[in-house]
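The structure file query_31.cif is reproduced below (mmCIF, C-alpha atoms).
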data_model
loop_
_atom_site.label_atom_id
_atom_site.label_comp_id
_atom_site.auth_asym_id
_atom_site.auth_seq_id
_atom_site.Cartn_x
_atom_site.Cartn_y
_atom_site.Cartn_z
CA MET A 1 -16.41 -12.92 -42.50
CA HIS A 2 -15.66 -11.21 -39.23
CA SER A 3 -17.60 -8.15 -38.28
CA ALA A 4 -16.04 -4.93 -37.05
CA VAL A 5 -17.13 -5.72 -33.50
CA GLN A 6 -15.47 -9.12 -33.62
CA ARG A 7 -12.24 -7.60 -34.91
CA ALA A 8 -12.27 -4.90 -32.23
CA ASN A 9 -12.95 -7.54 -29.60
CA ALA A 10 -10.02 -9.67 -30.74
CA LEU A 11 -7.73 -6.65 -30.85
CA VAL A 12 -8.64 -5.48 -27.35
CA THR A 13 -8.32 -8.99 -25.94
CA ILE A 14 -4.85 -9.51 -27.42
CA ALA A 15 -3.70 -6.07 -26.29
CA ALA A 16 -4.90 -6.77 -22.74
CA ILE A 17 -3.23 -10.21 -22.64
CA LEU A 18 0.06 -8.83 -23.97
CA LEU A 19 0.07 -5.97 -21.48
CA ALA A 20 -0.68 -8.34 -18.62
CA ALA A 21 2.13 -10.66 -19.76
CA LEU A 22 4.57 -7.73 -19.99
CA CYS A 23 3.67 -6.51 -16.49
CA THR A 24 4.05 -10.02 -15.07
CA ALA A 25 7.41 -10.48 -16.80
CA ALA A 26 8.69 -7.10 -15.62
CA SER A 27 7.72 -7.88 -12.05
CA PHE A 28 9.13 -11.43 -12.29
CA LEU A 29 12.49 -10.18 -13.56
CA ASP A 30 12.74 -7.99 -10.45
CA SER A 31 13.24 -11.10 -8.34
CA PHE A 32 16.57 -11.76 -10.09
CA ASN A 33 17.95 -8.49 -8.80
CA SER A 34 19.75 -8.98 -5.50
CA PRO A 35 20.70 -5.49 -4.35
CA SER A 36 23.53 -4.70 -1.96
CA VAL A 37 22.73 -1.55 -0.07
CA GLN A 38 25.40 0.38 1.74
CA ALA A 39 24.32 2.80 4.42
CA HIS A 40 25.62 4.54 7.47
CA VAL A 41 23.95 6.62 10.14
CA GLU A 42 25.20 8.49 13.15
CA VAL A 43 23.49 10.66 15.70
CA VAL A 44 25.15 14.06 15.57
CA LYS A 45 23.33 15.58 18.49
CA ILE A 46 20.33 14.99 20.74
CA ASN A 47 18.43 18.27 20.51
CA ARG A 48 15.68 17.47 22.95
CA PHE A 49 15.03 14.70 25.43
CA LYS A 50 12.13 15.21 27.77
CA ARG A 51 8.94 13.84 29.19
CA GLN A 52 5.87 15.31 27.56
CA LEU A 53 2.97 16.61 29.63
CA ASP A 54 1.01 13.43 28.89
CA GLY A 55 3.84 11.33 30.31
CA ASN A 56 5.41 10.06 27.10
CA ASP A 57 9.14 10.45 26.46
CA GLU A 58 10.11 12.53 23.47
CA VAL A 59 13.46 12.71 21.67
CA LYS A 60 14.50 14.96 18.82
CA MET A 61 17.91 14.68 17.25
CA THR A 62 20.10 15.55 14.32
CA LEU A 63 21.25 12.70 12.14
CA ASN A 64 24.04 12.16 9.67
CA ILE A 65 22.75 9.73 7.07
CA SER A 66 24.55 8.38 4.03
CA MET A 67 23.51 5.60 1.72
CA ASN A 68 23.87 4.08 -1.70
CA LEU A 69 20.66 2.56 -3.05
CA GLU A 70 21.71 2.38 -6.70
CA SER A 71 21.70 -1.41 -6.82
CA ILE A 72 18.00 -1.50 -5.90
CA PHE A 73 16.96 0.16 -9.13
CA THR A 74 15.84 -1.98 -12.07
CA TRP A 75 13.95 -0.99 -15.20
CA ASN A 76 10.69 -1.70 -13.36
CA THR A 77 11.47 0.55 -10.38
CA LYS A 78 9.29 3.63 -10.08
CA GLN A 79 10.63 4.83 -6.78
CA VAL A 80 12.22 3.70 -3.55
CA PHE A 81 10.73 4.86 -0.28
CA VAL A 82 13.48 4.75 2.30
CA PHE A 83 13.11 5.46 6.01
CA LEU A 84 15.06 5.23 9.21
CA ALA A 85 13.24 3.66 12.15
CA ALA A 86 14.05 3.50 15.83
CA GLU A 87 13.36 0.00 17.09
CA TYR A 88 13.44 -1.08 20.72
CA GLU A 89 11.75 -3.22 23.30
CA THR A 90 10.12 -2.01 26.49
CA GLU A 91 8.62 -3.71 29.51
CA LYS A 92 5.12 -3.36 28.07
CA ASN A 93 5.82 -3.69 24.37
CA SER A 94 7.67 -6.49 22.62
CA LEU A 95 8.36 -4.17 19.69
CA ASN A 96 8.31 -0.43 19.19
CA GLN A 97 9.00 0.89 15.69
CA VAL A 98 9.07 4.64 15.21
CA SER A 99 9.92 6.23 11.90
CA LEU A 100 12.36 9.13 12.38
CA TRP A 101 13.10 10.25 8.85
CA ASP A 102 12.00 9.24 5.37
CA HIS A 103 12.84 10.06 1.80
CA ILE A 104 11.63 9.17 -1.70
CA VAL A 105 14.23 8.38 -4.36
CA GLN A 106 12.86 8.39 -7.91
CA GLU A 107 16.02 8.20 -9.99
CA LYS A 108 19.02 5.95 -9.85
CA GLU A 109 21.22 9.03 -10.37
CA ARG A 110 20.05 10.38 -7.04
CA ALA A 111 20.19 7.13 -5.12
CA SER A 112 23.59 7.77 -3.57
CA PHE A 113 23.66 10.64 -1.12
CA ARG A 114 24.67 12.00 2.26
CA VAL A 115 22.53 14.32 4.36
CA LYS A 116 22.62 15.94 7.76
CA VAL A 117 19.02 16.29 8.91
CA PRO A 118 16.93 16.82 12.01
CA THR A 119 14.49 14.01 12.71
CA LYS A 120 11.37 14.50 10.60
CA TYR A 121 9.20 12.80 13.21
CA PRO A 122 10.14 12.94 16.90
CA LEU A 123 10.79 9.67 18.68
CA ILE A 124 7.83 9.45 21.04
CA ASP A 125 7.53 6.44 23.32
CA GLN A 126 4.36 4.89 24.69
CA GLY A 127 5.20 5.76 28.28
CA SER A 128 8.48 6.90 29.76
CA ASN A 129 10.96 4.13 29.15
CA LEU A 130 13.63 5.89 27.14
CA ARG A 131 16.11 7.02 29.83
CA GLY A 132 19.28 4.97 29.48
CA LYS A 133 17.70 2.97 26.66
CA LYS A 134 19.69 1.41 23.84
CA ILE A 135 17.79 1.96 20.62
CA GLY A 136 18.39 0.24 17.31
CA LEU A 137 18.49 2.37 14.19
CA VAL A 138 17.23 0.35 11.24
CA LEU A 139 17.10 1.43 7.62
CA HIS A 140 14.01 0.15 5.77
CA TRP A 141 13.31 0.45 2.08
CA HIS A 142 10.16 -0.18 0.11
CA VAL A 143 10.64 -0.65 -3.63
CA MET A 144 7.59 0.56 -5.52
CA PRO A 145 7.42 -0.81 -9.08
CA LYS A 146 6.06 0.62 -12.29
CA SER A 147 3.84 -2.44 -12.19
CA GLY A 148 3.74 -5.64 -10.19
CA ARG A 149 5.00 -6.78 -6.83
CA MET A 150 6.24 -4.38 -4.17
CA ILE A 151 9.39 -5.33 -2.30
CA ARG A 152 10.32 -4.49 1.29
CA ASP A 153 13.65 -4.98 2.97
CA LYS A 154 15.65 -3.60 5.88
CA MET A 155 19.11 -3.40 7.38
CA PRO A 156 20.08 -2.66 10.98
CA LEU A 157 22.65 0.14 11.02
CA SER A 158 23.70 1.16 14.49
CA TYR A 159 22.62 1.81 18.04
CA LEU A 160 21.76 4.96 19.91
CA SER A 161 22.29 5.05 23.67
CA LEU A 162 20.11 7.65 25.31
CA PRO A 163 21.35 9.45 28.45
CA ASN A 164 20.20 8.36 31.90
CA SER A 165 18.37 11.61 32.58
CA TYR A 166 16.33 14.06 30.56
CA THR A 167 18.31 16.86 28.97
CA THR A 168 15.36 19.22 28.50
CA LYS A 169 12.93 20.44 31.13
CA SER A 170 9.30 19.55 30.37
CA MET B 1 -49.74 -23.97 -36.64
CA ASP B 2 -46.70 -24.94 -38.57
CA CYS B 3 -45.74 -21.35 -38.85
CA ILE B 4 -45.83 -20.79 -35.09
CA LYS B 5 -43.82 -23.97 -34.49
CA SER B 6 -41.02 -22.94 -36.76
CA PHE B 7 -41.02 -19.47 -35.20
CA ARG B 8 -40.55 -21.05 -31.79
CA ASP B 9 -37.78 -23.34 -32.95
CA VAL B 10 -35.83 -20.59 -34.51
CA LYS B 11 -36.27 -17.69 -32.09
CA ILE B 12 -36.61 -18.96 -28.55
CA ARG B 13 -33.81 -21.51 -28.42
CA PRO B 14 -31.01 -19.18 -29.51
CA ALA B 15 -32.37 -16.54 -27.18
CA LEU B 16 -32.24 -18.99 -24.28
CA ILE B 17 -28.72 -20.02 -25.20
CA GLN B 18 -27.75 -16.37 -25.37
CA LEU B 19 -29.21 -15.84 -21.90
CA LEU B 20 -27.40 -18.91 -20.61
CA ASN B 21 -24.11 -17.59 -21.98
CA LEU B 22 -24.69 -14.29 -20.25
CA GLY B 23 -25.43 -16.15 -17.03
CA ILE B 24 -22.21 -18.16 -17.32
CA LEU B 25 -20.24 -14.96 -17.96
CA ILE B 26 -21.63 -13.27 -14.86
CA CYS B 27 -21.14 -16.40 -12.76
CA SER B 28 -17.51 -16.86 -13.81
CA ALA B 29 -16.78 -13.23 -12.95
CA LEU B 30 -18.35 -13.81 -9.54
CA VAL B 31 -16.39 -17.05 -9.04
CA LEU B 32 -13.16 -15.22 -9.94
CA TRP B 33 -13.87 -12.43 -7.44
CA LYS B 34 -14.93 -14.78 -4.64
CA GLY B 35 -11.96 -17.03 -5.37
CA LEU B 36 -9.63 -14.06 -5.06
CA MET B 37 -11.34 -13.17 -1.78
CA CYS B 38 -10.65 -16.67 -0.48
CA MET B 39 -7.04 -16.72 -1.66
CA THR B 40 -6.11 -13.33 -0.27
CA ALA B 41 -8.36 -13.47 2.82
CA CYS B 42 -9.42 -9.93 2.01
CA GLU B 43 -12.91 -8.55 1.84
CA SER B 44 -11.90 -6.59 -1.27
CA PRO B 45 -8.74 -8.05 -2.82
CA VAL B 46 -8.40 -5.18 -5.30
CA VAL B 47 -8.79 -1.49 -4.44
CA VAL B 48 -8.66 1.62 -6.57
CA VAL B 49 -6.61 4.56 -5.30
CA LEU B 50 -8.98 7.52 -5.03
CA THR B 51 -6.75 10.37 -3.84
CA GLY B 52 -3.26 11.71 -4.38
CA SER B 53 -2.20 11.26 -0.76
CA MET B 54 0.36 8.57 -1.70
CA GLU B 55 1.84 10.39 -4.71
CA PRO B 56 4.18 9.98 -6.46
CA GLY B 57 4.01 6.26 -5.66
CA PHE B 58 0.30 5.79 -6.26
CA ARG B 59 -1.82 8.12 -8.32
CA ARG B 60 -5.56 8.42 -8.60
CA GLY B 61 -6.91 5.56 -10.68
CA ASP B 62 -4.10 3.07 -9.96
CA ILE B 63 -5.08 -0.27 -8.50
CA LEU B 64 -3.58 -2.20 -5.61
CA PHE B 65 -3.72 -5.92 -4.93
CA LEU B 66 -4.25 -6.67 -1.29
CA HIS B 67 -3.43 -9.61 0.87
CA MET B 68 -4.22 -10.35 4.48
CA ASN B 69 -2.36 -12.84 6.58
CA LYS B 70 -1.44 -13.58 10.16
CA GLU B 71 2.02 -12.06 9.80
CA PRO B 72 2.53 -9.08 12.10
CA ILE B 73 2.13 -5.62 10.60
CA ARG B 74 5.38 -3.62 10.52
CA ALA B 75 6.45 -0.05 9.82
CA GLY B 76 6.86 0.80 6.15
CA GLU B 77 4.02 -1.37 4.94
CA ILE B 78 1.17 0.16 2.99
CA VAL B 79 -2.14 -0.84 4.52
CA VAL B 80 -5.77 -0.24 3.71
CA TYR B 81 -7.83 0.65 6.73
CA ASN B 82 -11.39 1.47 7.63
CA VAL B 83 -12.17 3.98 10.35
CA ASP B 84 -15.42 3.75 12.32
CA GLY B 85 -17.93 6.16 10.88
CA ARG B 86 -16.26 6.44 7.47
CA ASP B 87 -17.27 4.19 4.64
CA ILE B 88 -14.38 4.84 2.24
CA PRO B 89 -11.23 2.86 3.07
CA ILE B 90 -7.90 4.70 3.15
CA VAL B 91 -4.58 3.52 1.69
CA HIS B 92 -1.61 4.85 3.69
CA ARG B 93 1.78 3.83 5.01
CA VAL B 94 2.49 2.60 8.54
CA ILE B 95 5.03 4.87 10.25
CA LYS B 96 4.74 3.67 13.85
CA VAL B 97 4.13 0.29 15.42
CA HIS B 98 3.79 -0.61 19.09
CA GLU B 99 3.17 -4.27 19.78
CA ARG B 100 2.05 -5.33 23.24
CA LYS B 101 4.07 -8.06 24.88
CA ASP B 102 1.31 -9.88 26.76
CA THR B 103 -1.62 -9.77 24.34
CA GLY B 104 0.10 -9.18 21.01
CA GLU B 105 -2.31 -6.32 20.40
CA ILE B 106 -0.90 -3.75 18.06
CA ASP B 107 -1.07 0.05 17.89
CA ILE B 108 -0.41 1.53 14.46
CA LEU B 109 0.01 5.08 13.20
CA THR B 110 -0.28 5.76 9.48
CA LYS B 111 0.58 8.63 7.14
CA GLY B 112 0.18 9.32 3.44
CA ASP B 113 3.55 9.76 1.71
CA ASN B 114 2.34 13.00 0.16
CA ASN B 115 0.64 14.38 3.29
CA PRO B 116 2.52 16.80 5.55
CA VAL B 117 1.12 15.28 8.76
CA ASP B 118 0.11 11.87 10.08
CA ASP B 119 -3.41 10.48 10.00
CA ILE B 120 -4.58 11.12 13.57
CA SER B 121 -6.97 13.80 12.32
CA LEU B 122 -8.52 11.24 9.93
CA TYR B 123 -9.24 8.73 12.69
CA SER B 124 -12.55 8.96 14.49
CA GLY B 125 -12.76 11.42 17.38
CA GLY B 126 -10.18 10.92 20.09
CA GLN B 127 -8.68 7.85 18.47
CA LEU B 128 -4.89 7.92 18.52
CA TRP B 129 -4.02 4.53 17.06
CA LEU B 130 -5.29 2.00 14.57
CA ASN B 131 -5.63 -1.58 15.76
CA ARG B 132 -5.58 -4.88 13.95
CA HIS B 133 -9.34 -4.89 13.31
CA HIS B 134 -9.21 -1.58 11.46
CA ILE B 135 -6.85 -3.01 8.84
CA ILE B 136 -8.66 -4.62 5.92
CA GLY B 137 -5.66 -5.39 3.73
CA ARG B 138 -1.95 -4.99 3.06
CA ALA B 139 -0.88 -3.78 -0.36
CA LYS B 140 1.33 -6.34 -2.13
CA GLY B 141 1.01 -5.55 -5.83
CA TYR B 142 0.44 -2.52 -8.00
CA LEU B 143 -0.92 -1.75 -11.48
CA PRO B 144 -1.15 1.78 -12.83
CA TYR B 145 -4.16 3.42 -14.54
CA VAL B 146 -6.37 0.30 -14.66
CA GLY B 147 -8.80 1.58 -12.05
CA TYR B 148 -9.55 4.85 -13.76
CA LEU B 149 -12.57 3.40 -15.54
CA THR B 150 -14.29 2.65 -12.24
CA ILE B 151 -13.60 6.20 -11.04
CA ILE B 152 -15.17 7.63 -14.18
CA MET B 153 -18.13 5.29 -13.82
CA THR B 154 -18.83 6.12 -10.18
CA GLU B 155 -18.49 9.85 -10.80
CA THR B 156 -20.70 10.00 -13.89
CA PRO B 157 -23.30 7.21 -13.61
CA MET B 158 -24.62 8.06 -17.09
CA ILE B 159 -21.49 6.50 -18.61
CA LYS B 160 -22.00 3.40 -16.52
CA TYR B 161 -25.58 2.95 -17.74
CA ALA B 162 -24.55 3.62 -21.34
CA LEU B 163 -21.78 1.02 -21.08
CA ILE B 164 -24.10 -1.58 -19.55
CA GLY B 165 -26.66 -0.84 -22.27
CA VAL B 166 -24.14 -1.28 -25.07
CA MET B 167 -22.82 -4.50 -23.56
CA ALA B 168 -26.31 -5.92 -23.11
CA LEU B 169 -27.11 -5.02 -26.70
CA LEU B 170 -23.95 -6.73 -27.93
CA VAL B 171 -24.72 -9.87 -25.94
CA MET B 172 -28.26 -9.96 -27.33
CA THR B 173 -27.29 -9.43 -30.95
CA THR B 174 -24.05 -11.36 -31.44
CA LYS B 175 -24.34 -14.95 -32.64
CA GLU B 176 -22.07 -17.83 -31.77
#
Structure re-expressed in structure tokens:
Amino acid sequence: MHSAVQRANALVTIAAILLAALCTAASFLDSFNSPSVQAHVEVVKINRFKRQLDGNDEVKMTLNISMNLESIFTWNTKQVFVFLAAEYETEKNSLNQVSLWDHIVQEKERASFRVKVPTKYPLIDQGSNLRGKKIGLVLHWHVMPKSGRMIRDKMPLSYLSLPNSYTTKS
Amino acid sequence: MDCIKSFRDVKIRPALIQLLNLGILICSALVLWKGLMCMTACESPVVVVLTGSMEPGFRRGDILFLHMNKEPIRAGEIVVYNVDGRDIPIVHRVIKVHERKDTGEIDILTKGDNNPVDDISLYSGGQLWLNRHHIIGRAKGYLPYVGYLTIIMTETPMIKYALIGVMALLVMTTKE
């Protein structure tokens, strides 16, 4: 007959295979979810716009952000990391992406909200190219699962036109 | 003479077969690992999260599946990077990207979701940005808890030796 070790071995193997299959299925089912995110952002006020001592432009602002991320959530969603990035091109750089604000949503019940916040991270350029610059505000989200594949997506929201001269003395 | 012959026939052959089986087991594990390395183009396709700096997304003991490709690195991605003079790789999120127009070189700033400040203080002295060559992988998949065993084993080596001993014993004693 089968020894205790053999039985334990069979049990552990089957448990591991079943768990792996469940995780794969949960992650696979996520790909059938096609979320439609609604979001809106506006710049309430530019609080600071100056050239830092090291020569880089710095902008701090207050933002009005509203979004509805409910459709992202599935039964395999652990949390959604959402952030607003400033994206623009300069003479030297083909792409600059600077995160301005981020937030972690863990429950579907809290996935629809509106906030008025100061930028969590200042917009700091590599150099001083921001005067009169048109900057894209793009909402990115990163869906982190309970197990399986992580999903990233984004949506351009609006533009921010910075003034032609600094508003704060450095 | 006869006695010795029968002893040989019975004892040595099964032992050799047992050894061969063990060899095949170790080799297939190695093939699996190296195959994963090839497929993902990563030096270590699977990493264990060691700290709580990415909580609540990743906890200590969770594992991440990495991938490395030519695609440009963008803000929001979770990358694993190595800093000069530090041997433990760090898993954090990219929050800033500056990509040079002429060379395509890339400057990256990272931050742990659970950390109050960005990673500049973790980089080696005077370094402000990470570049492409610091990045050893991009996190694509996630499994919770699975890596906890390796954490326990590296922290208390006694358990590791005990486990290896038990497994060796099992391999020696079990019959086909």
As a check of understanding: the span from CA of Met144 in chain A to CA of Gly57 in chain B is 6.7 Å
message: What would the selection look like, as a ChimeraX atom specification, if the PyMOL selection byres ((chain B) within 6 of (chain A)) were run on the coordinates I just shared?
response: /B:95-101,140-143
Taking the file as I've supplied it (selection: the PyMOL selection byres ((chain A and resi 128) around 8)), which residues are included? Please answer as a PyMOL selection string.
chain A and resi 51+55-57+125-127+129-131
Could you turn the residues from that selection into a file that holds C-alpha atoms, as an mmCIF file, in the coordinates of the input?
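Wrote it out as again_20.cif, contents follow:
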data_model
loop_
_atom_site.group_PDB
_atom_site.id
_atom_site.type_symbol
_atom_site.label_atom_id
_atom_site.label_comp_id
_atom_site.auth_asym_id
_atom_site.auth_seq_id
_atom_site.Cartn_x
_atom_site.Cartn_y
_atom_site.Cartn_z
ATOM 1 C CA ARG A 51 8.940 13.840 29.190
ATOM 2 C CA GLY A 55 3.840 11.330 30.310
ATOM 3 C CA ASN A 56 5.410 10.060 27.100
ATOM 4 C CA ASP A 57 9.140 10.450 26.460
ATOM 5 C CA ASP A 125 7.530 6.440 23.320
ATOM 6 C CA GLN A 126 4.360 4.890 24.690
ATOM 7 C CA GLY A 127 5.200 5.760 28.280
ATOM 8 C CA ASN A 129 10.960 4.130 29.150
ATOM 9 C CA LEU A 130 13.630 5.890 27.140
ATOM 10 C CA ARG A 131 16.110 7.020 29.830
#
### Message
Can you translate the PyMOL selection byres ((chain A and resi 32-43) around 10) into the concrete residues it hits in this file, as a PyMOL selection string?
### Response
chain A and resi 27-31+44-46+61-74+84+112-118+137-139+141+154-161
Could those selected residues go to a file with C-alpha atoms, as a PDB file, keeping the file's coordinate frame?
ATOM      1  CA  SER A  27       7.720  -7.880 -12.050  1.00  0.00           C
ATOM      2  CA  PHE A  28       9.130 -11.430 -12.290  1.00  0.00           C
ATOM      3  CA  LEU A  29      12.490 -10.180 -13.560  1.00  0.00           C
ATOM      4  CA  ASP A  30      12.740  -7.990 -10.450  1.00  0.00           C
ATOM      5  CA  SER A  31      13.240 -11.100  -8.340  1.00  0.00           C
ATOM      6  CA  VAL A  44      25.150  14.060  15.570  1.00  0.00           C
ATOM      7  CA  LYS A  45      23.330  15.580  18.490  1.00  0.00           C
ATOM      8  CA  ILE A  46      20.330  14.990  20.740  1.00  0.00           C
ATOM      9  CA  MET A  61      17.910  14.680  17.250  1.00  0.00           C
ATOM     10  CA  THR A  62      20.100  15.550  14.320  1.00  0.00           C
ATOM     11  CA  LEU A  63      21.250  12.700  12.140  1.00  0.00           C
ATOM     12  CA  ASN A  64      24.040  12.160   9.670  1.00  0.00           C
ATOM     13  CA  ILE A  65      22.750   9.730   7.070  1.00  0.00           C
ATOM     14  CA  SER A  66      24.550   8.380   4.030  1.00  0.00           C
ATOM     15  CA  MET A  67      23.510   5.600   1.720  1.00  0.00           C
ATOM     16  CA  ASN A  68      23.870   4.080  -1.700  1.00  0.00           C
ATOM     17  CA  LEU A  69      20.660   2.560  -3.050  1.00  0.00           C
ATOM     18  CA  GLU A  70      21.710   2.380  -6.700  1.00  0.00           C
ATOM     19  CA  SER A  71      21.700  -1.410  -6.820  1.00  0.00           C
ATOM     20  CA  ILE A  72      18.000  -1.500  -5.900  1.00  0.00           C
ATOM     21  CA  PHE A  73      16.960   0.160  -9.130  1.00  0.00           C
ATOM     22  CA  THR A  74      15.840  -1.980 -12.070  1.00  0.00           C
ATOM     23  CA  LEU A  84      15.060   5.230   9.210  1.00  0.00           C
ATOM     24  CA  SER A 112      23.590   7.770  -3.570  1.00  0.00           C
ATOM     25  CA  PHE A 113      23.660  10.640  -1.120  1.00  0.00           C
ATOM     26  CA  ARG A 114      24.670  12.000   2.260  1.00  0.00           C
ATOM     27  CA  VAL A 115      22.530  14.320   4.360  1.00  0.00           C
ATOM     28  CA  LYS A 116      22.620  15.940   7.760  1.00  0.00           C
ATOM     29  CA  VAL A 117      19.020  16.290   8.910  1.00  0.00           C
ATOM     30  CA  PRO A 118      16.930  16.820  12.010  1.00  0.00           C
ATOM     31  CA  LEU A 137      18.490   2.370  14.190  1.00  0.00           C
ATOM     32  CA  VAL A 138      17.230   0.350  11.240  1.00  0.00           C
ATOM     33  CA  LEU A 139      17.100   1.430   7.620  1.00  0.00           C
ATOM     34  CA  TRP A 141      13.310   0.450   2.080  1.00  0.00           C
ATOM     35  CA  LYS A 154      15.650  -3.600   5.880  1.00  0.00           C
ATOM     36  CA  MET A 155      19.110  -3.400   7.380  1.00  0.00           C
ATOM     37  CA  PRO A 156      20.080  -2.660  10.980  1.00  0.00           C
ATOM     38  CA  LEU A 157      22.650   0.140  11.020  1.00  0.00           C
ATOM     39  CA  SER A 158      23.700   1.160  14.490  1.00  0.00           C
ATOM     40  CA  TYR A 159      22.620   1.810  18.040  1.00  0.00           C
ATOM     41  CA  LEU A 160      21.760   4.960  19.910  1.00  0.00           C
ATOM     42  CA  SER A 161      22.290   5.050  23.670  1.00  0.00           C
TER      43      SER A 161
END
Computed gap from CA of Asn114 in chain B to CA of Leu22 in chain A is 29.0 Å
(Q) as a list in words, please: the residues near range 21-34 of chain B (cut-off 12 Å, all atoms listed in the file, same-chain neighbours under 6 positions excluded). (A)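 Counting all atoms listed in the file, the residues come to Pro14, Ala15, Thr40, Ala41, Cys42, Glu43, Ser44, Pro45, Val46, Met167, Ala168, Leu169, Leu170, Val171, Met172, Thr174, Lys175 and Glu176 of chain B.
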May I have the residues at most 8 Å from (22.0, 1.0, 29.8) in the file's coordinates, counting all atoms listed in the file, as number ranges by chain? A: 132-134, 161, 164
Quiz item: Looking at all atoms listed in the file, which of A:Thr24, A:Val59, A:Lys108, A:Asn47 is the one that sits closest to Ile135 in chain A?
Solution: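 Checking each of A:Thr24, A:Val59, A:Lys108, A:Asn47 against Ile135 in chain A, counting all atoms listed in the file, the winner is A:Val59.
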**Q.** Atom-to-atom span, CA of Lys120 in chain A and CA of Glu71 in chain B, Å
**A.**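 We find that CA of Lys120 in chain A and CA of Glu71 in chain B lie 28.2 Å from each other.
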Provide an axis-aligned box for all listed atoms of range 55-70 of chain A, padding each side by 6 Å; report its centre and its edge lengths in Å to one decimal, as lines of an AutoDock Vina configuration file.
center_x = 14.2
center_y = 9.0
center_z = 11.8
size_x = 32.7
size_y = 25.2
size_z = 49.0
